[in-house]
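Coordinates as given in structure-v6.txt (compact mmCIF, C-alpha atoms):
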```
# COMPACT_ATOMS: atom_id res chain seq x y z
CA MET H 1 109.77 -29.34 -10.43
CA ASN H 2 112.01 -28.64 -13.40
CA PRO H 3 115.50 -27.55 -12.55
CA VAL H 4 116.47 -24.29 -14.23
CA LEU H 5 117.74 -25.19 -17.68
CA LEU H 6 119.33 -21.87 -18.46
CA PRO H 7 120.37 -19.19 -15.99
CA LEU H 8 118.36 -16.07 -16.73
CA HIS H 9 121.31 -13.82 -17.52
CA LEU H 10 122.70 -16.39 -19.98
CA GLN H 11 119.29 -16.68 -21.57
CA LEU H 12 119.09 -12.90 -21.96
CA PHE H 13 122.60 -12.73 -23.36
CA ALA H 14 121.96 -15.46 -25.94
CA ALA H 15 118.63 -13.94 -26.92
CA ALA H 16 120.25 -10.52 -27.33
CA ILE H 17 122.93 -11.95 -29.62
CA LEU H 18 120.39 -13.83 -31.75
CA VAL H 19 118.07 -10.81 -31.95
CA SER H 20 120.89 -8.51 -33.02
CA PHE H 21 121.96 -11.15 -35.54
CA LEU H 22 118.41 -11.27 -36.92
CA ALA H 23 118.36 -7.47 -37.02
CA TRP H 24 121.64 -7.52 -38.94
CA VAL H 25 120.24 -9.98 -41.50
CA VAL H 26 117.12 -7.84 -41.89
CA HIS H 27 119.33 -4.77 -42.32
CA LEU H 28 121.33 -6.57 -45.04
CA ILE H 29 118.10 -7.46 -46.82
CA ARG H 30 116.72 -3.94 -46.56
CA TYR H 31 119.81 -2.41 -48.13
CA HIS H 32 120.12 -5.11 -50.82
CA MET H 33 123.39 -6.51 -49.53
CA LEU H 34 121.84 -9.95 -49.08
CA SER H 35 119.20 -11.31 -51.42
CA LEU H 36 115.97 -12.49 -49.86
CA ARG H 37 116.51 -15.89 -51.41
CA ASP H 38 119.89 -16.40 -49.77
CA SER H 39 118.69 -14.99 -46.45
CA LEU H 40 115.77 -17.39 -45.97
CA LEU H 41 117.87 -20.14 -44.41
CA TRP H 42 119.60 -17.67 -42.08
CA LEU H 43 116.28 -16.19 -40.98
CA LEU H 44 114.68 -19.57 -40.38
CA SER H 45 117.61 -21.12 -38.56
CA THR H 46 118.23 -18.04 -36.41
CA THR H 47 114.56 -17.88 -35.47
CA ALA H 48 114.76 -21.53 -34.47
CA GLY H 49 117.75 -20.70 -32.29
CA LEU H 50 115.81 -17.86 -30.72
CA VAL H 51 112.90 -20.17 -29.94
CA ALA H 52 115.30 -22.62 -28.27
CA THR H 53 116.72 -19.78 -26.18
CA ILE H 54 113.41 -18.34 -25.04
CA PHE H 55 111.84 -21.72 -24.38
CA PRO H 56 114.75 -23.89 -23.19
CA VAL H 57 112.31 -26.74 -22.61
CA THR H 58 112.28 -27.33 -26.39
CA LEU H 59 115.98 -28.03 -26.06
CA ARG H 60 115.21 -30.67 -23.43
CA TRP H 61 112.60 -32.25 -25.71
CA THR H 62 115.14 -32.43 -28.52
CA ALA H 63 117.74 -33.89 -26.17
CA THR H 64 115.35 -36.60 -24.97
CA ALA H 65 114.23 -37.35 -28.50
CA LEU H 66 117.85 -37.73 -29.65
CA GLY H 67 118.85 -39.64 -26.52
CA ILE H 68 121.29 -36.94 -25.38
CA THR H 69 121.56 -36.78 -21.57
CA VAL H 70 122.74 -33.20 -21.24
CA PRO H 71 120.57 -30.61 -23.05
CA SER H 72 123.58 -28.35 -23.60
CA ASN H 73 125.14 -31.08 -25.76
CA ALA H 74 121.97 -31.07 -27.85
CA LEU H 75 122.52 -27.32 -28.20
CA PHE H 76 126.08 -27.89 -29.45
CA ALA H 77 124.89 -30.53 -31.90
CA LEU H 78 122.13 -28.28 -33.22
CA ALA H 79 124.49 -25.32 -33.48
CA PHE H 80 126.87 -27.46 -35.51
CA VAL H 81 124.09 -28.57 -37.85
CA TYR H 82 123.00 -24.93 -38.16
CA VAL H 83 126.46 -23.84 -39.27
CA LEU H 84 126.90 -26.80 -41.62
CA LEU H 85 123.54 -26.20 -43.25
CA ASN H 86 124.24 -22.54 -43.89
CA LEU H 87 127.77 -23.30 -45.08
CA LEU H 88 126.51 -25.87 -47.56
CA ALA H 89 123.91 -23.41 -48.82
CA ALA H 90 126.69 -20.85 -49.34
CA THR H 91 128.86 -23.38 -51.21
CA ILE H 92 125.93 -24.30 -53.43
CA ALA H 93 125.45 -20.63 -54.26
CA ILE H 94 129.17 -20.27 -55.07
CA SER H 95 129.12 -23.30 -57.38
CA GLY H 96 126.08 -21.97 -59.20
CA ASN H 97 127.71 -18.59 -59.56
CA ALA H 98 130.96 -20.09 -60.86
CA ALA H 99 129.02 -21.88 -63.58
CA ARG H 100 127.13 -18.69 -64.46
CA VAL H 101 130.27 -16.52 -64.47
CA ARG H 102 131.93 -19.02 -66.75
CA ARG H 103 129.04 -18.98 -69.20
CA VAL H 104 128.84 -15.17 -69.17
CA ALA H 105 132.59 -14.84 -69.72
CA GLN H 106 132.39 -17.27 -72.64
CA GLU H 107 129.48 -15.34 -74.09
CA CYS H 108 131.53 -12.11 -73.82
CA THR H 109 134.45 -13.79 -75.55
CA LEU H 110 132.24 -14.94 -78.41
CA LEU H 111 130.66 -11.52 -78.78
CA ARG H 112 134.07 -9.86 -78.79
CA ALA H 113 135.22 -12.17 -81.57
CA GLU H 114 131.97 -11.60 -83.45
CA ILE H 115 132.43 -7.81 -83.23
CA ALA H 116 136.03 -8.09 -84.42
CA ALA H 117 134.91 -10.16 -87.42
CA LEU H 118 132.13 -7.68 -88.25
CA ARG H 119 134.54 -4.77 -87.88
CA THR H 120 136.98 -6.23 -90.41
CA ARG H 121 134.10 -6.84 -92.82
CA VAL H 122 132.82 -3.29 -92.40
CA ASP H 123 136.33 -1.90 -92.85
CA ALA H 124 136.77 -3.93 -96.02
CA LEU H 125 133.42 -2.70 -97.34
CA THR H 126 134.13 0.95 -96.61
CA ALA H 127 137.59 0.64 -98.11
CA SER H 128 136.21 -0.83 -101.34
CA ARG H 129 133.83 2.09 -101.81
CA MET E 1 127.81 -55.92 -60.59
CA SER E 2 125.21 -56.82 -63.16
CA SER E 3 125.93 -53.63 -65.09
CA CYS E 4 129.59 -54.67 -65.16
CA CYS E 5 128.63 -57.97 -66.75
CA TRP E 6 126.48 -56.15 -69.23
CA ARG E 7 129.36 -53.94 -70.15
CA LEU E 8 131.52 -57.00 -70.71
CA VAL E 9 128.93 -58.31 -73.12
CA ILE E 10 128.47 -54.95 -74.82
CA TRP E 11 132.21 -54.50 -75.45
CA TYR E 12 132.37 -57.56 -77.62
CA LEU E 13 129.29 -56.84 -79.64
CA PRO E 14 130.01 -55.43 -83.08
CA VAL E 15 129.61 -51.67 -83.37
CA ARG E 16 126.27 -50.80 -84.89
CA LYS E 17 126.61 -48.64 -87.97
CA ARG E 18 124.19 -45.75 -88.03
CA ALA E 19 122.14 -45.69 -91.19
CA GLY E 20 121.38 -42.35 -92.76
CA ALA E 21 124.02 -40.48 -90.82
CA GLY E 22 126.21 -40.16 -93.87
CA PRO E 23 129.24 -37.95 -93.37
CA ARG E 24 129.49 -34.70 -95.24
CA LEU E 25 133.21 -34.67 -94.65
CA GLN E 26 135.37 -36.27 -97.29
CA PRO E 27 138.42 -38.35 -96.48
CA ASP E 28 140.43 -37.11 -99.47
CA GLY E 29 141.39 -33.76 -97.97
CA HIS E 30 139.21 -31.67 -100.27
CA ASN E 31 136.90 -30.52 -97.53
CA ARG E 32 137.40 -26.82 -98.18
CA GLU E 33 136.29 -27.18 -101.82
CA ILE E 34 133.03 -28.89 -100.99
CA GLY E 35 132.22 -26.39 -98.26
CA VAL E 36 133.01 -28.39 -95.15
CA LYS E 37 134.12 -26.11 -92.36
CA LEU E 38 136.88 -27.27 -90.04
CA LEU E 39 138.07 -25.38 -87.00
CA VAL E 40 141.23 -25.89 -85.01
CA ILE E 41 140.77 -24.79 -81.41
CA VAL E 42 144.02 -23.75 -79.74
CA PRO E 43 143.58 -23.03 -76.04
CA ALA E 44 146.42 -20.77 -74.94
CA TYR E 45 147.33 -19.27 -71.60
CA ASN E 46 150.51 -17.17 -71.73
CA GLU E 47 151.75 -19.01 -74.80
CA ALA E 48 152.99 -16.02 -76.81
CA LYS E 49 156.37 -17.74 -77.27
CA ASN E 50 154.96 -21.06 -78.46
CA LEU E 51 152.10 -19.74 -80.60
CA PRO E 52 154.02 -18.65 -83.73
CA PHE E 53 155.39 -22.16 -84.14
CA VAL E 54 151.98 -23.76 -83.53
CA VAL E 55 150.03 -21.49 -85.86
CA THR E 56 152.58 -21.56 -88.68
CA SER E 57 152.76 -25.35 -88.62
CA LEU E 58 148.95 -25.42 -88.56
CA ARG E 59 148.91 -23.24 -91.69
CA ARG E 60 151.43 -25.52 -93.29
CA TYR E 61 150.01 -28.95 -92.45
CA ALA E 62 146.32 -28.17 -92.12
CA PRO E 63 145.66 -25.28 -94.52
CA GLU E 64 142.02 -26.30 -94.95
CA CYS E 65 141.25 -25.54 -91.29
CA ASP E 66 140.37 -22.23 -89.72
CA VAL E 67 142.35 -21.51 -86.57
CA ALA E 68 140.77 -20.12 -83.40
CA VAL E 69 143.17 -19.28 -80.59
CA VAL E 70 141.39 -19.10 -77.26
CA ASP E 71 143.33 -16.65 -75.12
CA ASP E 72 142.33 -17.64 -71.62
CA GLY E 73 142.98 -14.35 -69.87
CA SER E 74 146.70 -14.33 -70.61
CA THR E 75 148.91 -11.67 -69.08
CA ASP E 76 151.41 -11.76 -71.94
CA GLN E 77 151.02 -10.92 -75.63
CA THR E 78 149.16 -14.12 -76.54
CA ALA E 79 146.17 -12.36 -78.10
CA THR E 80 148.29 -9.86 -80.07
CA VAL E 81 150.60 -12.58 -81.35
CA ALA E 82 147.65 -14.77 -82.37
CA ALA E 83 145.96 -11.89 -84.19
CA ALA E 84 149.22 -10.98 -85.95
CA LEU E 85 149.46 -14.59 -87.13
CA GLY E 86 146.05 -14.20 -88.72
CA ALA E 87 144.21 -16.56 -86.38
CA CYS E 88 140.74 -15.85 -85.10
CA VAL E 89 141.25 -14.74 -81.50
CA LEU E 90 138.72 -15.67 -78.81
CA ARG E 91 139.92 -13.54 -75.96
CA SER E 92 138.53 -14.17 -72.50
CA SER E 93 138.98 -11.36 -70.03
CA ILE E 94 139.20 -13.75 -67.09
CA ASN E 95 141.08 -17.00 -66.72
CA LEU E 96 138.54 -19.80 -66.98
CA GLY E 97 140.97 -22.70 -66.93
CA ILE E 98 141.58 -25.12 -69.77
CA GLY E 99 138.04 -26.54 -69.69
CA GLY E 100 136.33 -23.18 -69.94
CA ALA E 101 138.73 -22.09 -72.69
CA VAL E 102 138.23 -25.20 -74.78
CA GLN E 103 134.48 -24.95 -74.34
CA THR E 104 134.60 -21.37 -75.62
CA GLY E 105 136.18 -22.82 -78.74
CA TYR E 106 133.43 -25.41 -79.07
CA LEU E 107 130.77 -22.72 -78.57
CA TRP E 108 132.37 -20.72 -81.38
CA ALA E 109 132.49 -23.81 -83.59
CA ARG E 110 128.84 -24.52 -82.86
CA ASP E 111 127.64 -20.96 -83.44
CA GLN E 112 129.70 -20.47 -86.61
CA GLY E 113 128.42 -23.70 -88.10
CA TYR E 114 131.62 -25.72 -88.23
CA ASP E 115 131.26 -29.37 -89.19
CA ALA E 116 134.16 -30.55 -87.07
CA ALA E 117 136.58 -29.10 -84.56
CA ILE E 118 140.10 -30.19 -83.78
CA GLN E 119 141.59 -29.37 -80.44
CA ILE E 120 145.34 -28.79 -80.16
CA ASP E 121 147.38 -27.49 -77.25
CA GLY E 122 148.96 -24.06 -77.63
CA ASP E 123 152.30 -25.18 -76.21
CA GLY E 124 153.51 -26.94 -79.34
CA GLN E 125 153.53 -30.50 -78.05
CA HIS E 126 150.93 -31.62 -80.58
CA ASP E 127 152.05 -31.98 -84.16
CA PRO E 128 149.54 -30.57 -86.70
CA ARG E 129 150.80 -33.15 -89.19
CA PHE E 130 148.50 -35.64 -87.44
CA ILE E 131 145.35 -33.56 -87.92
CA ARG E 132 144.62 -35.48 -91.12
CA ASP E 133 144.82 -38.74 -89.16
CA VAL E 134 142.49 -37.72 -86.34
CA LEU E 135 139.93 -36.46 -88.86
CA VAL E 136 139.79 -39.70 -90.84
CA PRO E 137 137.42 -41.69 -88.54
CA ILE E 138 135.05 -38.71 -88.38
CA GLU E 139 135.12 -38.29 -92.15
CA ARG E 140 134.34 -41.96 -92.58
CA GLY E 141 131.49 -41.69 -90.12
CA GLU E 142 133.10 -44.23 -87.78
CA ALA E 143 133.30 -41.97 -84.76
CA GLU E 144 132.15 -38.63 -83.40
CA ILE E 145 135.25 -38.13 -81.28
CA VAL E 146 138.80 -39.11 -82.13
CA ILE E 147 141.60 -38.97 -79.59
CA GLY E 148 145.19 -38.65 -80.67
CA SER E 149 146.96 -41.24 -78.54
CA ARG E 150 150.67 -41.37 -77.70
CA PHE E 151 150.45 -44.99 -76.69
CA LEU E 152 149.08 -46.70 -79.79
CA GLY E 153 152.36 -46.22 -81.66
CA GLU E 154 155.88 -46.51 -80.38
CA GLU E 155 157.47 -43.18 -81.30
CA GLY E 156 157.55 -39.67 -79.89
CA PHE E 157 157.48 -38.21 -76.43
CA ARG E 158 155.59 -40.46 -74.02
CA SER E 159 155.98 -38.80 -70.62
CA THR E 160 157.55 -40.28 -67.49
CA ALA E 161 156.91 -43.83 -66.24
CA LEU E 162 155.00 -42.59 -63.18
CA ARG E 163 152.76 -40.40 -65.29
CA ARG E 164 152.16 -43.25 -67.69
CA ALA E 165 151.02 -45.37 -64.74
CA GLY E 166 148.57 -42.62 -63.75
CA ILE E 167 147.28 -42.46 -67.31
CA ARG E 168 146.74 -46.23 -67.38
CA TYR E 169 144.86 -45.99 -64.11
CA LEU E 170 142.59 -43.27 -65.52
CA ALA E 171 142.02 -45.33 -68.65
CA TRP E 172 141.02 -48.21 -66.41
CA ILE E 173 138.47 -46.16 -64.43
CA LEU E 174 137.11 -44.69 -67.64
CA ARG E 175 136.62 -48.19 -69.03
CA VAL E 176 135.07 -49.72 -65.92
CA ARG E 177 132.91 -46.79 -64.87
CA CYS E 178 131.98 -45.09 -68.13
CA GLY E 179 132.51 -47.85 -70.69
CA ALA E 180 134.99 -45.88 -72.77
CA ARG E 181 138.02 -47.70 -74.10
CA VAL E 182 140.96 -45.39 -74.66
CA THR E 183 144.69 -45.69 -74.12
CA ASP E 184 145.48 -41.99 -73.68
CA PRO E 185 142.62 -40.33 -71.77
CA THR E 186 144.68 -37.24 -70.87
CA SER E 187 145.51 -36.38 -74.45
CA GLY E 188 144.36 -32.89 -75.42
CA PHE E 189 144.77 -33.68 -79.11
CA ARG E 190 141.36 -34.61 -80.38
CA ALA E 191 138.82 -34.10 -83.10
CA ALA E 192 135.09 -33.72 -82.61
CA GLY E 193 132.38 -34.09 -85.21
CA ARG E 194 129.30 -31.90 -85.27
CA ALA E 195 127.34 -33.95 -82.70
CA ALA E 196 130.32 -34.00 -80.35
CA LEU E 197 131.08 -30.30 -80.61
CA GLU E 198 127.44 -29.51 -79.91
CA LEU E 199 127.60 -31.71 -76.82
CA PHE E 200 130.84 -30.12 -75.62
CA ALA E 201 129.49 -26.62 -76.25
CA GLN E 202 126.72 -27.50 -73.84
CA ARG E 203 128.59 -29.60 -71.36
CA TYR E 204 132.29 -29.59 -70.62
CA PRO E 205 134.14 -30.01 -67.32
CA SER E 206 136.07 -27.02 -66.04
CA ASP E 207 139.44 -28.20 -64.79
CA TYR E 208 141.41 -31.22 -66.00
CA PRO E 209 138.62 -31.93 -68.48
CA GLU E 210 140.20 -34.44 -70.87
CA PRO E 211 139.34 -37.83 -69.28
CA GLU E 212 135.96 -36.64 -68.03
CA SER E 213 134.93 -35.28 -71.42
CA ILE E 214 135.55 -38.72 -72.94
CA GLY E 215 133.23 -40.17 -70.30
CA ILE E 216 130.59 -37.52 -70.98
CA ALA E 217 130.70 -38.23 -74.71
CA THR E 218 130.53 -41.98 -74.23
CA ARG E 219 127.61 -41.69 -71.84
CA ALA E 220 125.85 -39.46 -74.38
CA GLY E 221 126.10 -42.31 -76.89
CA LEU E 222 128.87 -40.84 -79.05
CA ARG E 223 131.49 -43.14 -80.49
CA VAL E 224 135.05 -42.50 -79.39
CA ARG E 225 138.02 -43.78 -81.38
CA GLU E 226 141.74 -43.36 -81.04
CA VAL E 227 144.43 -42.91 -83.62
CA SER E 228 148.17 -42.98 -83.07
CA VAL E 229 149.94 -39.63 -82.92
CA GLN E 230 153.41 -38.54 -81.85
CA MET E 231 153.88 -35.79 -79.35
CA ARG E 232 156.83 -33.53 -78.59
CA GLU E 233 158.07 -32.03 -75.39
CA ARG E 234 157.15 -28.42 -74.78
CA GLU E 235 159.32 -25.79 -76.45
CA HIS E 236 159.03 -23.08 -73.84
CA GLY E 237 157.85 -23.05 -70.25
CA ARG E 238 156.74 -25.92 -68.07
CA SER E 239 153.72 -28.14 -68.21
CA SER E 240 150.91 -26.83 -66.05
CA ILE E 241 150.85 -30.14 -64.16
CA ASP E 242 153.67 -30.55 -61.64
CA ALA E 243 154.32 -33.20 -58.98
CA TRP E 244 151.84 -32.13 -56.29
CA ARG E 245 149.17 -31.22 -58.74
CA THR E 246 149.41 -34.70 -60.22
CA ILE E 247 148.01 -36.11 -56.99
CA TYR E 248 145.21 -33.55 -56.92
CA TYR E 249 144.65 -34.27 -60.60
CA LEU E 250 144.29 -38.01 -60.02
CA ILE E 251 141.91 -37.58 -57.09
CA LYS E 252 139.79 -34.96 -58.79
CA VAL E 253 139.53 -36.84 -62.06
CA SER E 254 138.85 -40.16 -60.30
CA LEU E 255 136.00 -38.56 -58.37
CA ALA E 256 134.65 -36.91 -61.50
CA LEU E 257 134.68 -40.22 -63.35
CA LEU E 258 133.12 -42.11 -60.44
CA PHE E 259 130.32 -39.57 -60.19
CA LEU E 260 129.81 -39.15 -63.90
CA PRO E 261 127.26 -41.91 -64.61
CA ALA E 262 125.22 -40.81 -61.60
CA ARG E 263 125.11 -37.13 -62.51
CA ALA E 264 122.25 -35.40 -64.28
CA THR E 265 123.07 -34.54 -67.86
CA THR E 266 122.00 -30.93 -67.55
CA GLY E 267 122.95 -28.44 -64.88
CA CYS E 268 120.27 -27.09 -62.57
CA GLY E 269 119.06 -23.96 -64.31
CA SER E 270 122.50 -22.56 -65.00
CA GLY E 271 122.91 -24.34 -68.31
CA ALA E 272 126.65 -24.64 -67.73
CA GLU E 273 128.47 -27.58 -66.30
CA SER E 274 130.49 -26.84 -63.21
CA ALA E 275 132.88 -29.51 -62.16
```
What would the structure in this file look like if it were written as structure tokens?
Amino acid sequence: MNPVLLPLHLQLFAAAILVSFLAWVVHLIRYHMLSLRDSLLWLLSTTAGLVATIFPVTLRWTATALGITVPSNALFALAFVYVLLNLLAATIAISGNAARVRRVAQECTLLRAEIAALRTRVDALTASR
Amino acid sequence: MSSCCWRLVIWYLPVRKRAGAGPRLQPDGHNREIGVKLLVIVPAYNEAKNLPFVVTSLRRYAPECDVAVVDDGSTDQTATVAAALGACVLRSSINLGIGGAVQTGYLWARDQGYDAAIQIDGDGQHDPRFIRDVLVPIERGEAEIVIGSRFLGEEGFRSTALRRAGIRYLAWILRVRCGARVTDPTSGFRAAGRAALELFAQRYPSDYPEPESIGIATRAGLRVREVSVQMREREHGRSSIDAWRTIYYLIKVSLALLFLPARATTGCGSGAESA
């Protein structure tokens, strides 16, 4: 009854790409190149993409729910949201890091000045002895 | 709209004097003798040529103040020159921008127990002779923050007409959005009392911080006053704000001021304000 939503070879190709992407993310986590916290969104969104690939009918449901006539357009829309979401998460992480780096650098500056002040005091004390 | 009306009403109400918050600072210039600690914060990025003039005139006209030069990751001899001049050098290994540098100064002032901090640019355009004047309202307990304004008086260097228009526009936003009335919001010549320096140590914008910091202080309930100062043109080098950056400056600062009342007063976990 249903027309074929995705040709099989395309389905396999997409699934292979998503699976290798997932494997890459897992690899990055295993070797501590990506923190688990930052990887959660990637894992979740990629798994969602995989589900949509294996069961294309979910794509049709989404398309009907959103009022999109062609399911592939729903795919494009979702892919766009997927990228935007992950990009925003990355920017949030960068902003947080910038604030932390700034505070750490300031702390270093203060400590450096503190050490210099202590050093002159110690030098003065040892000289007076 | 209703908050606008409220602000109109609030502007014309007399300023409430705080009881019990008596100033420790004395207006007669004998602060050093009674143990009041004053710090001059001089943010400097590659200002080795201008620093000797700035620090020597600070020594001459404000001998009661300690001087902290914040070397914001300079690539020239700024730190060495400052140390040779006998100033306390706060040397950052990376360039944090003017906001980060100034905040380092306020952190130092807070941690070392200073009663007030004066902020002066390292390029020599601010005249230390006016330090006495900007301290007066703080000493009298009339304000926590005092801005040295070019536009209250008639003399001195007052920038180009276009830039003055931009400054008036920023002053307007600051007044409408944050309820702060100043004539020279971009002035980096300012004095901060203990409450203000504690606030700035905790929360200070990172780039183009001057107008926004006034908004932050006003929103935190601190009183901001202005006194007339004269400024000079830079001795060496160019101002860090050129034509194209002015546009970015205006947009960035406008956004910052528009967002300011809606933003949370503390950062999310990081403890530092990122703008």
Put the listed atoms of segment 62-74 of chain H in a box along x, y and z with 3 Å added on every side and give me the centre and edge lengths in Å to one decimal, as AutoDock Vina command-line options.
```
--center_x 119.7 --center_y -34.0 --center_z -25.4 --size_x 16.9 --size_y 17.3 --size_z 14.4
```
As a PDB file with C-alpha atoms, in the frame of the given file, could you give me every residue of chain H near chain E (at most 9 Å apart, counting only C-alpha atoms)?
```
ATOM      1  CA  SER H  95     129.120 -23.300 -57.380  1.00  0.00           C
ATOM      2  CA  GLY H  96     126.080 -21.970 -59.200  1.00  0.00           C
ATOM      3  CA  ASN H  97     127.710 -18.590 -59.560  1.00  0.00           C
ATOM      4  CA  ALA H  98     130.960 -20.090 -60.860  1.00  0.00           C
ATOM      5  CA  ALA H  99     129.020 -21.880 -63.580  1.00  0.00           C
ATOM      6  CA  ARG H 100     127.130 -18.690 -64.460  1.00  0.00           C
ATOM      7  CA  ARG H 102     131.930 -19.020 -66.750  1.00  0.00           C
ATOM      8  CA  ARG H 103     129.040 -18.980 -69.200  1.00  0.00           C
ATOM      9  CA  ALA H 105     132.590 -14.840 -69.720  1.00  0.00           C
ATOM     10  CA  GLN H 106     132.390 -17.270 -72.640  1.00  0.00           C
ATOM     11  CA  GLU H 107     129.480 -15.340 -74.090  1.00  0.00           C
ATOM     12  CA  CYS H 108     131.530 -12.110 -73.820  1.00  0.00           C
ATOM     13  CA  THR H 109     134.450 -13.790 -75.550  1.00  0.00           C
ATOM     14  CA  LEU H 110     132.240 -14.940 -78.410  1.00  0.00           C
ATOM     15  CA  ARG H 112     134.070  -9.860 -78.790  1.00  0.00           C
ATOM     16  CA  ALA H 113     135.220 -12.170 -81.570  1.00  0.00           C
ATOM     17  CA  ALA H 116     136.030  -8.090 -84.420  1.00  0.00           C
ATOM     18  CA  ALA H 117     134.910 -10.160 -87.420  1.00  0.00           C
TER      19      ALA H 117
END
```
**Q.** Distance in Å - atom CA of Ala191 of chain E versus atom CA of Ser228 of chain E
**A.**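 Atom CA of Ala191 of chain E sits 12.9 Å away from atom CA of Ser228 of chain E.
Omitting Phe76 of chain H and its sequence neighbours fewer than 4 positions away, and counting only C-alpha atoms, the residues within 12 Å are Gly49, Leu59, Thr62, Ala63, Ile68, Val70, Pro71, Ser72, Phe80, Val81, Tyr82 and Val83 of chain H.
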Could those selected residues go to a file with C-alpha atoms, as an mmCIF file, in the frame of the given file?
```
data_model
loop_
_atom_site.group_PDB
_atom_site.id
_atom_site.type_symbol
_atom_site.label_atom_id
_atom_site.label_comp_id
_atom_site.auth_asym_id
_atom_site.auth_seq_id
_atom_site.Cartn_x
_atom_site.Cartn_y
_atom_site.Cartn_z
ATOM 1 C CA GLY H 49 117.750 -20.700 -32.290
ATOM 2 C CA LEU H 59 115.980 -28.030 -26.060
ATOM 3 C CA THR H 62 115.140 -32.430 -28.520
ATOM 4 C CA ALA H 63 117.740 -33.890 -26.170
ATOM 5 C CA ILE H 68 121.290 -36.940 -25.380
ATOM 6 C CA VAL H 70 122.740 -33.200 -21.240
ATOM 7 C CA PRO H 71 120.570 -30.610 -23.050
ATOM 8 C CA SER H 72 123.580 -28.350 -23.600
ATOM 9 C CA PHE H 80 126.870 -27.460 -35.510
ATOM 10 C CA VAL H 81 124.090 -28.570 -37.850
ATOM 11 C CA TYR H 82 123.000 -24.930 -38.160
ATOM 12 C CA VAL H 83 126.460 -23.840 -39.270
#
```
Q: Excluding segment 250-262 of chain E and residues on its chain fewer than 4 positions from it, collect all residues at most 7 Å away from it, counting all atoms listed in the file, and give them as a list in words.
A: Leu174, Arg177, Cys178, Glu212 and Thr246 of chain E
Q. Taking into account all atoms listed in the file, which residue in the set H:Thr126, H:Gln11, H:Thr120, H:Ile115 is nearest to Pro56 of chain H?
A.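 The shortest atom-to-atom distance to Pro56 of chain H comes from H:Gln11.
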